[in-house]
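Report on the structure given below.
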Amino acid sequence: MVLHRQSIKPIPSLTKEIATKAFPKGNIYMILRDELGTFYNDDDFAELYSDEGQPALRPGSLALICVMQYIANLSDRGAVEAVAARIDWKYALGLELTDSSFDSSVLTLFRSRLLDGEKEQLLLDKLLERCQQLNLIKVKGKARTDSTHILAAIRNLNRLEYVGETLRCALNALAVVAPDWLSNTIALDWFDRYSKPVEESRLPRGTEARNEYAANIGRDGMRILEAIYEEPTTPQWLREIPAIETLRIAWVHQYWLDRGQLHWRSHKDLPPAGLRSNSPYDTEARYGNKRYTSWLGYKVHLTETCEKNKVHLITNVRTTEAHLSDVDQTESIHQSLADKELLPSQHIVDAGYVDGALLVESKREHEIELIGPVRDNVSWQSKNPEAYDLSKFKINWKNQQVTCPQGVKSTKKWTPLLDGWGNKVIRVKFPRKACRECQFRHLCTRSKNEARELSLHHKEEHLAINRRRKRQETKTWSKQYNQRAGVEGTISQGIRGFGMRSARYVGLSKVHLQHILTATAINVTRLFSWYEGVPLAKTRVSSFAKLAPD
């Protein structure tokens, strides 16, 4: 479709007159237009359209409709009906009362264009740019970040259901693109097994019967894969079908071959949950675990401003696979904020986003003070005040040597390496003979024969962690860190008011677009409350808790 750029028109006089009479005090959509103006322009989305074809609807208007759709929590069809029927929507869009609507598929196509052109971030960034122009966001102010889990829009399958549905998905794809080839490849009894969804209620009972059923599915899947990858007469383009690639990877994860014999893997032999998909219909959804919560889906990280006497706006949204840790996202969040010129001077986060390297690099690279607790020393020595934990050793960084509490110096080996989590550390060892003869050995190590070993962070990180551990014990730091709790209210607002907990779409990029629209809708809602003079909500305290003595 071709885009004919149109200048932004003022609100038609009749639309303005009737909307003002219907809503004398205005409402969120009218305030959106009156206070913020038009912050989406056709030029922002011009790259998404070709130079030939039928005229396209104005992308600036479609972007605003998508945001209003999320504010009102409407489906695509409901949003299109609102454009045609609601006076306040026509006011916000600058439409005549007689303007007709359009087909709901236009919104789906517009979102697809945003994703294909990697322009989804504009939906949030253009609103933030307008807020910066109105001085609603303080430069180098405060920000806070937290994450929550997102449930994928798919059925949670057990292993047997998963392999059965993966094969069924591949068969359905082949039935569309190569029906004749598929008919000559499969056996007649396949129609009984794979014509209907594979569900637990239809599966056999008992371990032996289920293992045999899994073996049958495995053999059927191998028959398809061998026909596609090994038979010379098979068209090679069949290998490029996404469902076939999903089938191939699933069989690698769930089965193994021994001398040409296919075997069903045991649970202990499966790849880590973060490496394997759990549904052929959303291969990017992963199992995640955080404290006592396990889920199948994604994780979203929300960053918002938190200045006193200022409207709190979400400035960054990051959607990741569920198994990825928070600490791996901190630098990406900082870089994203830097690209928008929205870097804070203080970034308040929980312990999941903090480590020694980030404390140093955030200050050095972005001039950000990362405010969050570092994890306690969890070694057994730290739990015994008489034992020799790391704090009781003297480190000579210049000479690359460590002295233990009994005055024994470490060996000359000062070995930089990566620990089990990929962090840069330094391995230090003490003389074996000195450790064996030490009468205080029981306070230092539990090894019967080996000498004490230490893993040190590099100097800047080591000092930063020690300074933070001392600082986070003070009341001043606790008061400063308590501001982080407010972002949990933002997450609650997204979940309860905008349905953020459940993914509307399938796939990481589409779910991220959902979160971008949700964050933009939350910001508009907060701006409306700000202009209406609604005070920020305070943390609720139960009636019983109020009786507690100070």
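How things are named: the first chain in the structure tokens is A, the next is B, and so on; residues count from 1 in each chain; ligands count from 1 in the order shown.
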ask   = Which polymer residues have any atom within 10 Å of an atom of A:Asn423, counting only C-alpha atoms, with same-chain residues fewer than 2 positions away left out, as a PyMOL selection string?
value = chain A and resi 355-357+417-421+425-426+457
Suppose we keep C-alpha atoms; can you now write the selection as a tab-separated table (two decimals), in the first residue's frame?
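Listed below is the output, again.tsv:
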chain	number	residue	atom	x	y	z
A	355	ASP	CA	26.25	-7.26	40.73
A	356	GLY	CA	29.74	-5.87	41.21
A	357	ALA	CA	30.42	-5.32	37.51
A	417	LEU	CA	38.94	-16.98	34.88
A	418	LEU	CA	35.17	-17.18	34.43
A	419	ASP	CA	32.96	-18.68	37.13
A	420	GLY	CA	29.96	-20.92	36.53
A	421	TRP	CA	27.77	-17.91	35.69
A	425	VAL	CA	36.80	-13.66	38.85
A	426	ILE	CA	40.30	-14.28	40.17
A	457	HIS	CA	36.06	-10.15	42.00
key: A:Glu35 environment, 10 Å, only C-alpha atoms, sequence neighbours closer than 4 positions dropped, as an MDAnalysis selection string   = chainID A and resid 30:31 134 527:528 531
inquiry  = List the spatial neighbours of stretch 236-251 of chain A as a ChimeraX atom specification - criterion: any atom at most 10 Å away, only C-alpha atoms, same-chain residues fewer than 3 positions off excluded.
reply    = /A:162-163,165-174,177-178,218,221-222,224-225,228-233,254-256,262,264-265,276-281,283
Based on the selection just made, write N, CA, C and O atoms of those residues as a compact mmCIF listing (two decimals), in the first residue's frame.
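The new file again-v7.txt reads:
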# COMPACT_ATOMS: atom_id res chain seq x y z
N TYR A 162 3.33 -32.74 23.88
CA TYR A 162 4.18 -31.85 23.10
C TYR A 162 4.68 -32.53 21.82
O TYR A 162 4.58 -31.95 20.73
N VAL A 163 5.22 -33.74 21.93
CA VAL A 163 5.72 -34.39 20.72
C VAL A 163 4.58 -34.72 19.77
O VAL A 163 4.72 -34.61 18.54
N GLU A 165 1.68 -33.04 19.44
CA GLU A 165 1.23 -31.81 18.81
C GLU A 165 2.26 -31.25 17.84
O GLU A 165 1.91 -30.63 16.83
N THR A 166 3.55 -31.46 18.13
CA THR A 166 4.59 -31.00 17.21
C THR A 166 4.50 -31.73 15.88
O THR A 166 4.61 -31.13 14.81
N LEU A 167 4.32 -33.04 15.95
CA LEU A 167 4.16 -33.81 14.71
C LEU A 167 2.87 -33.43 14.00
O LEU A 167 2.84 -33.29 12.77
N ARG A 168 1.79 -33.26 14.75
CA ARG A 168 0.51 -32.87 14.14
C ARG A 168 0.61 -31.51 13.46
O ARG A 168 0.05 -31.30 12.37
N CYS A 169 1.32 -30.57 14.09
CA CYS A 169 1.52 -29.25 13.51
C CYS A 169 2.29 -29.35 12.19
O CYS A 169 1.95 -28.69 11.20
N ALA A 170 3.32 -30.20 12.16
CA ALA A 170 4.09 -30.39 10.92
C ALA A 170 3.23 -31.02 9.82
O ALA A 170 3.32 -30.64 8.65
N LEU A 171 2.42 -32.00 10.20
CA LEU A 171 1.55 -32.64 9.22
C LEU A 171 0.54 -31.66 8.64
O LEU A 171 0.25 -31.68 7.43
N ASN A 172 -0.03 -30.81 9.47
CA ASN A 172 -0.98 -29.82 8.97
C ASN A 172 -0.31 -28.84 8.02
O ASN A 172 -0.90 -28.43 7.01
N ALA A 173 0.94 -28.45 8.33
CA ALA A 173 1.66 -27.54 7.43
C ALA A 173 1.95 -28.21 6.09
O ALA A 173 1.79 -27.61 5.03
N LEU A 174 2.36 -29.48 6.13
CA LEU A 174 2.65 -30.21 4.89
C LEU A 174 1.37 -30.46 4.09
O LEU A 174 1.39 -30.48 2.85
N VAL A 177 0.90 -27.27 1.92
CA VAL A 177 1.85 -26.92 0.87
C VAL A 177 2.23 -28.10 -0.03
O VAL A 177 2.65 -27.90 -1.17
N ALA A 178 2.10 -29.33 0.47
CA ALA A 178 2.49 -30.50 -0.33
C ALA A 178 1.57 -31.67 -0.03
O ALA A 178 2.00 -32.73 0.46
N GLY A 218 7.52 -41.04 17.94
CA GLY A 218 8.90 -40.82 17.53
C GLY A 218 9.21 -41.46 16.18
O GLY A 218 9.86 -40.84 15.32
N GLY A 221 7.49 -39.48 13.44
CA GLY A 221 8.21 -38.24 13.18
C GLY A 221 9.49 -38.47 12.40
O GLY A 221 9.84 -37.70 11.49
N MET A 222 10.22 -39.53 12.74
CA MET A 222 11.45 -39.86 12.02
C MET A 222 11.15 -40.23 10.57
O MET A 222 11.95 -39.92 9.67
N ILE A 224 8.86 -38.90 8.70
CA ILE A 224 8.71 -37.62 7.99
C ILE A 224 10.07 -36.96 7.79
O ILE A 224 10.40 -36.49 6.68
N LEU A 225 10.87 -36.91 8.83
CA LEU A 225 12.17 -36.24 8.74
C LEU A 225 13.10 -36.95 7.75
O LEU A 225 13.81 -36.30 6.97
N ILE A 228 12.07 -36.17 4.22
CA ILE A 228 12.37 -34.80 3.79
C ILE A 228 13.86 -34.58 3.61
O ILE A 228 14.29 -33.93 2.65
N TYR A 229 14.67 -35.11 4.53
CA TYR A 229 16.10 -34.79 4.53
C TYR A 229 16.96 -35.81 3.78
O TYR A 229 18.10 -35.50 3.42
N GLU A 230 16.47 -37.02 3.55
CA GLU A 230 17.32 -38.05 2.97
C GLU A 230 16.89 -38.52 1.59
O GLU A 230 17.74 -38.93 0.79
N GLU A 231 15.60 -38.47 1.27
CA GLU A 231 15.16 -38.94 -0.04
C GLU A 231 15.47 -37.89 -1.10
O GLU A 231 15.07 -36.73 -0.97
N PRO A 232 16.19 -38.24 -2.15
CA PRO A 232 16.60 -37.26 -3.16
C PRO A 232 15.44 -36.69 -3.96
O PRO A 232 15.56 -35.59 -4.54
N THR A 233 14.32 -37.41 -4.04
CA THR A 233 13.19 -36.92 -4.84
C THR A 233 12.34 -35.89 -4.10
O THR A 233 11.47 -35.27 -4.71
N GLN A 254 13.95 -34.59 22.43
CA GLN A 254 13.12 -35.56 23.13
C GLN A 254 13.50 -37.03 22.87
O GLN A 254 13.11 -37.91 23.63
N TYR A 255 14.28 -37.29 21.81
CA TYR A 255 14.66 -38.65 21.47
C TYR A 255 16.17 -38.74 21.24
O TYR A 255 16.84 -37.72 21.07
N TRP A 256 16.69 -39.97 21.23
CA TRP A 256 18.08 -40.19 20.86
C TRP A 256 18.21 -41.51 20.10
O TRP A 256 17.41 -42.42 20.27
N LEU A 262 15.53 -45.70 17.73
CA LEU A 262 15.08 -44.47 18.37
C LEU A 262 14.65 -44.75 19.80
O LEU A 262 13.93 -45.72 20.07
N TRP A 264 13.23 -42.91 23.64
CA TRP A 264 12.58 -41.79 24.33
C TRP A 264 13.48 -41.36 25.49
O TRP A 264 13.85 -42.18 26.33
N ARG A 265 13.89 -40.09 25.52
CA ARG A 265 14.82 -39.63 26.54
C ARG A 265 14.17 -39.66 27.93
O ARG A 265 12.97 -39.41 28.08
N ARG A 276 14.88 -25.46 25.27
CA ARG A 276 13.88 -26.19 24.49
C ARG A 276 12.52 -25.51 24.60
O ARG A 276 12.16 -24.93 25.62
N SER A 277 11.78 -25.59 23.50
CA SER A 277 10.43 -25.04 23.50
C SER A 277 9.47 -26.04 24.12
O SER A 277 9.80 -27.22 24.29
N ASN A 278 8.27 -25.59 24.41
CA ASN A 278 7.29 -26.45 25.07
C ASN A 278 5.96 -26.49 24.32
O ASN A 278 5.00 -27.07 24.80
N SER A 279 5.95 -25.87 23.14
CA SER A 279 4.78 -25.92 22.29
C SER A 279 5.20 -25.59 20.86
O SER A 279 5.99 -24.67 20.65
N PRO A 280 4.69 -26.32 19.88
CA PRO A 280 5.03 -25.99 18.49
C PRO A 280 4.36 -24.71 18.00
O PRO A 280 4.72 -24.19 16.94
N TYR A 281 3.41 -24.21 18.77
CA TYR A 281 2.65 -23.04 18.33
C TYR A 281 3.24 -21.73 18.85
O TYR A 281 2.84 -20.66 18.41
N THR A 283 7.20 -21.25 19.78
CA THR A 283 8.49 -21.87 20.07
C THR A 283 9.40 -20.97 20.90
O THR A 283 10.45 -21.43 21.36
query = So, counting only C-alpha atoms, which residue among A:Gly60, A:Gly497, A:Gly422, A:Pro416 is closest to A:Leu454?
reply =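 Of A:Gly60, A:Gly497, A:Gly422, A:Pro416, the one nearest A:Leu454, counting only C-alpha atoms, is A:Pro416.
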message = Can you pull out the residues contacting A:Gly164? Cut-off 10 Å, using only C-alpha atoms, and skip same-chain residues under 3 positions away; I want them as JSON, numbers by chain.
response = {"A": [157, 159, 160, 161, 167, 168, 169, 193, 194, 197, 198, 199, 213, 214, 216, 217, 218, 220, 221, 280]}
Selected residues written out, C-alpha atoms, as an mmCIF file, in the first residue's frame:
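Saved the output as out02.cif:
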data_model
loop_
_atom_site.group_PDB
_atom_site.id
_atom_site.type_symbol
_atom_site.label_atom_id
_atom_site.label_comp_id
_atom_site.auth_asym_id
_atom_site.auth_seq_id
_atom_site.Cartn_x
_atom_site.Cartn_y
_atom_site.Cartn_z
ATOM 1 C CA LEU A 157 1.607 -29.378 27.337
ATOM 2 C CA ARG A 159 6.041 -34.117 27.087
ATOM 3 C CA LEU A 160 3.799 -36.665 25.379
ATOM 4 C CA GLU A 161 1.310 -34.014 24.313
ATOM 5 C CA LEU A 167 4.159 -33.815 14.714
ATOM 6 C CA ARG A 168 0.507 -32.873 14.139
ATOM 7 C CA CYS A 169 1.515 -29.250 13.505
ATOM 8 C CA ARG A 193 -3.625 -40.598 15.721
ATOM 9 C CA TYR A 194 -3.103 -37.070 14.403
ATOM 10 C CA PRO A 197 -5.498 -32.465 19.058
ATOM 11 C CA VAL A 198 -3.362 -34.628 21.326
ATOM 12 C CA GLU A 199 -4.862 -34.278 24.797
ATOM 13 C CA TYR A 213 2.895 -44.387 22.513
ATOM 14 C CA ALA A 214 5.856 -41.974 22.663
ATOM 15 C CA ASN A 216 5.204 -44.671 17.979
ATOM 16 C CA ILE A 217 5.097 -40.899 17.685
ATOM 17 C CA GLY A 218 8.902 -40.820 17.527
ATOM 18 C CA ASP A 220 6.312 -41.486 12.772
ATOM 19 C CA GLY A 221 8.208 -38.236 13.175
ATOM 20 C CA PRO A 280 5.032 -25.987 18.494
#
Per residue of stretch 315-411 of chain A within 7 Å of stretch 477-486 of chain A, which atom pair is closest and at what distance in Å (one decimal), using only C-alpha atoms, listed by chain and increasing number, as CSV?
residue,atom,partner,partner_atom,distance
A:Ile348,CA,A:Arg484,CA,5.7
A:Val349,CA,A:Arg484,CA,6.2
A:Ile371,CA,A:Tyr481,CA,6.8
A:Gly372,CA,A:Tyr481,CA,6.8
task = Give me every alpha helix (DSSP H) residue in stretch 147-271 of chain A, going by DSSP on the backbone, as a ChimeraX atom specification.
result = /A:159-177,179-183,190-194,207-229,242-254
key: Close residues, A:Thr293 itself excluded, 9 Å, only C-alpha atoms, min 4 positions apart in chain, as a PyMOL selection string   = chain A and resi 149+288-289
Exercise: stretch 327-339 of chain A partners within 9 Å, only C-alpha atoms, chain neighbours under 4 positions left out, as a tab-separated table (two decimals) with all heavy atoms, in the first residue's frame:
chain	number	residue	atom	x	y	z
A	301	HIS	N	10.17	-6.37	31.72
A	301	HIS	CA	10.86	-5.45	32.62
A	301	HIS	C	10.35	-4.04	32.34
A	301	HIS	O	10.46	-3.56	31.20
A	301	HIS	CB	12.37	-5.51	32.41
A	301	HIS	CG	12.95	-6.88	32.53
A	301	HIS	ND1	13.59	-7.32	33.68
A	301	HIS	CD2	12.97	-7.94	31.67
A	301	HIS	CE1	13.98	-8.57	33.50
A	301	HIS	NE2	13.63	-8.97	32.30
A	303	THR	N	10.50	0.03	33.34
A	303	THR	CA	11.27	1.10	33.97
A	303	THR	C	10.43	2.37	33.94
A	303	THR	O	9.88	2.73	32.89
A	303	THR	CB	12.59	1.34	33.23
A	303	THR	OG1	13.34	0.13	33.20
A	303	THR	CG2	13.41	2.43	33.90
A	315	THR	N	9.25	4.63	30.97
A	315	THR	CA	10.18	5.11	29.94
A	315	THR	C	10.83	3.98	29.15
A	315	THR	O	11.41	4.26	28.09
A	315	THR	CB	11.30	5.95	30.59
A	315	THR	OG1	11.93	5.18	31.63
A	315	THR	CG2	10.72	7.23	31.18
A	316	ASN	N	10.74	2.77	29.63
A	316	ASN	CA	11.36	1.67	28.89
A	316	ASN	C	10.63	0.36	29.18
A	316	ASN	O	10.21	0.11	30.31
A	316	ASN	CB	12.84	1.51	29.25
A	316	ASN	CG	13.57	0.59	28.30
A	316	ASN	OD1	13.81	0.94	27.13
A	316	ASN	ND2	13.92	-0.60	28.75
A	317	VAL	N	10.49	-0.44	28.15
A	317	VAL	CA	9.86	-1.76	28.25
A	317	VAL	C	10.78	-2.77	27.58
A	317	VAL	O	11.24	-2.55	26.45
A	317	VAL	CB	8.48	-1.79	27.56
A	317	VAL	CG1	7.88	-3.18	27.64
A	317	VAL	CG2	7.55	-0.77	28.18
A	318	ARG	N	11.06	-3.85	28.28
A	318	ARG	CA	11.90	-4.90	27.70
A	318	ARG	C	11.23	-6.24	27.97
A	318	ARG	O	10.97	-6.60	29.11
A	318	ARG	CB	13.31	-4.87	28.30
A	318	ARG	CG	14.25	-5.90	27.70
A	318	ARG	CD	15.70	-5.64	28.08
A	318	ARG	NE	16.59	-6.62	27.50
A	318	ARG	CZ	17.02	-6.62	26.24
A	318	ARG	NH1	16.62	-5.64	25.43
A	318	ARG	NH2	17.83	-7.55	25.78
A	320	THR	N	11.51	-10.36	27.50
A	320	THR	CA	12.52	-11.39	27.28
A	320	THR	C	11.89	-12.77	27.44
A	320	THR	O	10.75	-12.91	27.89
A	320	THR	CB	13.68	-11.26	28.28
A	320	THR	OG1	13.20	-11.57	29.61
A	320	THR	CG2	14.25	-9.85	28.28
A	343	LEU	N	18.33	8.77	30.32
A	343	LEU	CA	19.09	8.13	31.39
A	343	LEU	C	18.86	8.86	32.71
A	343	LEU	O	18.94	10.09	32.77
A	343	LEU	CB	20.58	8.15	31.06
A	343	LEU	CG	21.11	7.02	30.18
A	343	LEU	CD1	22.57	7.26	29.86
A	343	LEU	CD2	20.92	5.66	30.83
A	344	PRO	N	18.59	8.12	33.79
A	344	PRO	CA	18.47	8.75	35.10
A	344	PRO	C	19.84	8.91	35.76
A	344	PRO	O	20.82	8.30	35.33
A	344	PRO	CB	17.61	7.75	35.88
A	344	PRO	CG	18.01	6.42	35.30
A	344	PRO	CD	18.31	6.67	33.84
A	351	ALA	N	17.69	-6.67	44.15
A	351	ALA	CA	18.97	-7.38	44.12
A	351	ALA	C	19.18	-8.17	42.84
A	351	ALA	O	20.32	-8.43	42.45
A	351	ALA	CB	19.07	-8.31	45.33
A	352	GLY	N	18.10	-8.54	42.16
A	352	GLY	CA	18.22	-9.32	40.94
A	352	GLY	C	18.92	-8.59	39.81
A	352	GLY	O	19.41	-9.22	38.87
A	353	TYR	N	18.96	-7.26	39.85
A	353	TYR	CA	19.54	-6.46	38.77
A	353	TYR	C	20.96	-5.98	39.10
A	353	TYR	O	21.52	-5.19	38.33
A	353	TYR	CB	18.67	-5.24	38.50
A	353	TYR	CG	17.33	-5.54	37.89
A	353	TYR	CD1	16.21	-5.76	38.69
A	353	TYR	CD2	17.16	-5.61	36.51
A	353	TYR	CE1	14.97	-6.02	38.13
A	353	TYR	CE2	15.93	-5.88	35.94
A	353	TYR	CZ	14.84	-6.08	36.75
A	353	TYR	OH	13.62	-6.35	36.20
A	354	VAL	N	21.51	-6.38	40.22
A	354	VAL	CA	22.76	-5.80	40.70
A	354	VAL	C	23.85	-6.86	40.83
A	354	VAL	O	23.59	-7.96	41.31
A	354	VAL	CB	22.55	-5.11	42.08
A	354	VAL	CG1	23.85	-4.48	42.56
A	354	VAL	CG2	21.45	-4.07	42.00
A	355	ASP	N	25.04	-6.53	40.38
A	355	ASP	CA	26.25	-7.26	40.73
A	355	ASP	C	27.42	-6.29	40.73
A	355	ASP	O	27.25	-5.09	40.43
A	355	ASP	CB	26.50	-8.45	39.79
A	355	ASP	CG	26.78	-8.05	38.36
A	355	ASP	OD1	27.03	-6.85	38.10
A	355	ASP	OD2	26.76	-8.92	37.48
A	358	LEU	N	28.18	-4.40	37.40
A	358	LEU	CA	27.18	-3.38	37.03
A	358	LEU	C	27.31	-2.14	37.91
A	358	LEU	O	27.07	-1.02	37.44
A	358	LEU	CB	25.77	-3.97	37.15
A	358	LEU	CG	25.41	-4.99	36.07
A	358	LEU	CD1	24.12	-5.70	36.42
A	358	LEU	CD2	25.28	-4.32	34.71
A	361	GLU	N	30.31	-0.45	36.12
A	361	GLU	CA	30.10	-0.05	34.74
A	361	GLU	C	28.98	0.97	34.58
A	361	GLU	O	29.04	1.83	33.71
A	361	GLU	CB	29.82	-1.29	33.90
A	361	GLU	CG	31.01	-2.22	33.79
A	361	GLU	CD	30.67	-3.54	33.14
A	361	GLU	OE1	29.49	-3.68	32.72
A	361	GLU	OE2	31.54	-4.42	33.04
A	362	SER	N	27.93	0.88	35.41
A	362	SER	CA	26.84	1.85	35.31
A	362	SER	C	27.33	3.26	35.59
A	362	SER	O	26.92	4.22	34.93
A	362	SER	CB	25.72	1.48	36.30
A	362	SER	OG	25.18	0.23	36.01
A	366	HIS	N	27.62	5.21	32.04
A	366	HIS	CA	26.40	6.01	31.90
A	366	HIS	C	26.21	7.06	32.98
A	366	HIS	O	25.20	7.77	32.98
A	366	HIS	CB	25.18	5.09	31.88
A	366	HIS	CG	25.21	4.05	30.79
A	366	HIS	ND1	25.10	4.37	29.46
A	366	HIS	CD2	25.36	2.70	30.85
A	366	HIS	CE1	25.14	3.27	28.73
A	366	HIS	NE2	25.30	2.23	29.55
A	368	ILE	N	25.42	6.58	36.04
A	368	ILE	CA	24.23	6.19	36.78
A	368	ILE	C	24.66	5.59	38.11
A	368	ILE	O	25.53	4.71	38.16
A	368	ILE	CB	23.39	5.16	36.00
A	368	ILE	CG1	22.80	5.77	34.73
A	368	ILE	CG2	22.27	4.60	36.87
A	368	ILE	CD1	22.04	4.78	33.89
key: A:Phe440, A:Phe544, A:Trp181, A:Phe39 ranked by distance to A:Tyr388, top pick (using only C-alpha atoms)   =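 The shortest atom-to-atom distance to A:Tyr388 comes from A:Phe440.
One finds atom CA of A:Asn156 at 10.6 Å from atom CA of A:Arg286.
If only C-alpha atoms are the atoms counted, then among A:Trp414, A:Lys409, A:Thr490, A:Leu124 the closest residue to A:Ala537 is A:Thr490.
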ask   = So which residues of stretch 212-317 of chain A fall under strand (DSSP E) by DSSP, listed as a VMD selection string?
value = chain A and resid 255 to 258 261 to 264 286 to 290 293 to 305 314 to 317
What would the file look like if the residues just selected were written as a CSV table (one decimal), in the first residue's frame with C-alpha atoms?
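So the final result, stored in part_12.csv, reads:
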chain,number,residue,atom,x,y,z
A,255,TYR,CA,14.7,-38.7,21.5
A,256,TRP,CA,18.1,-40.2,20.9
A,257,LEU,CA,19.4,-42.7,18.4
A,258,ASP,CA,21.5,-45.8,19.2
A,261,GLN,CA,17.1,-47.4,17.1
A,262,LEU,CA,15.1,-44.5,18.4
A,263,HIS,CA,14.7,-44.1,22.2
A,264,TRP,CA,12.6,-41.8,24.3
A,286,ARG,CA,9.9,-20.8,27.8
A,287,TYR,CA,9.5,-22.2,31.3
A,288,GLY,CA,10.6,-19.7,34.0
A,289,ASN,CA,11.0,-19.8,37.7
A,290,LYS,CA,11.2,-17.0,40.2
A,293,THR,CA,6.3,-19.1,40.9
A,294,SER,CA,6.8,-21.2,37.8
A,295,TRP,CA,5.2,-20.4,34.4
A,296,LEU,CA,5.3,-20.9,30.7
A,297,GLY,CA,5.8,-17.7,28.7
A,298,TYR,CA,7.9,-14.6,28.9
A,299,LYS,CA,9.1,-11.9,31.3
A,300,VAL,CA,8.7,-8.1,31.0
A,301,HIS,CA,10.9,-5.5,32.6
A,302,LEU,CA,9.3,-2.0,33.2
A,303,THR,CA,11.3,1.1,34.0
A,304,GLU,CA,9.5,4.3,35.2
A,305,THR,CA,10.4,7.7,36.4
A,314,ILE,CA,7.1,4.3,32.0
A,315,THR,CA,10.2,5.1,29.9
A,316,ASN,CA,11.4,1.7,28.9
A,317,VAL,CA,9.9,-1.8,28.2
Shortest interatomic distance to A:His347 - which of A:Ser410, A:Thr474, A:Thr145, A:Gln121, counting only C-alpha atoms =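 When distances to A:His347 are compared using only C-alpha atoms, the smallest one comes from A:Thr145.
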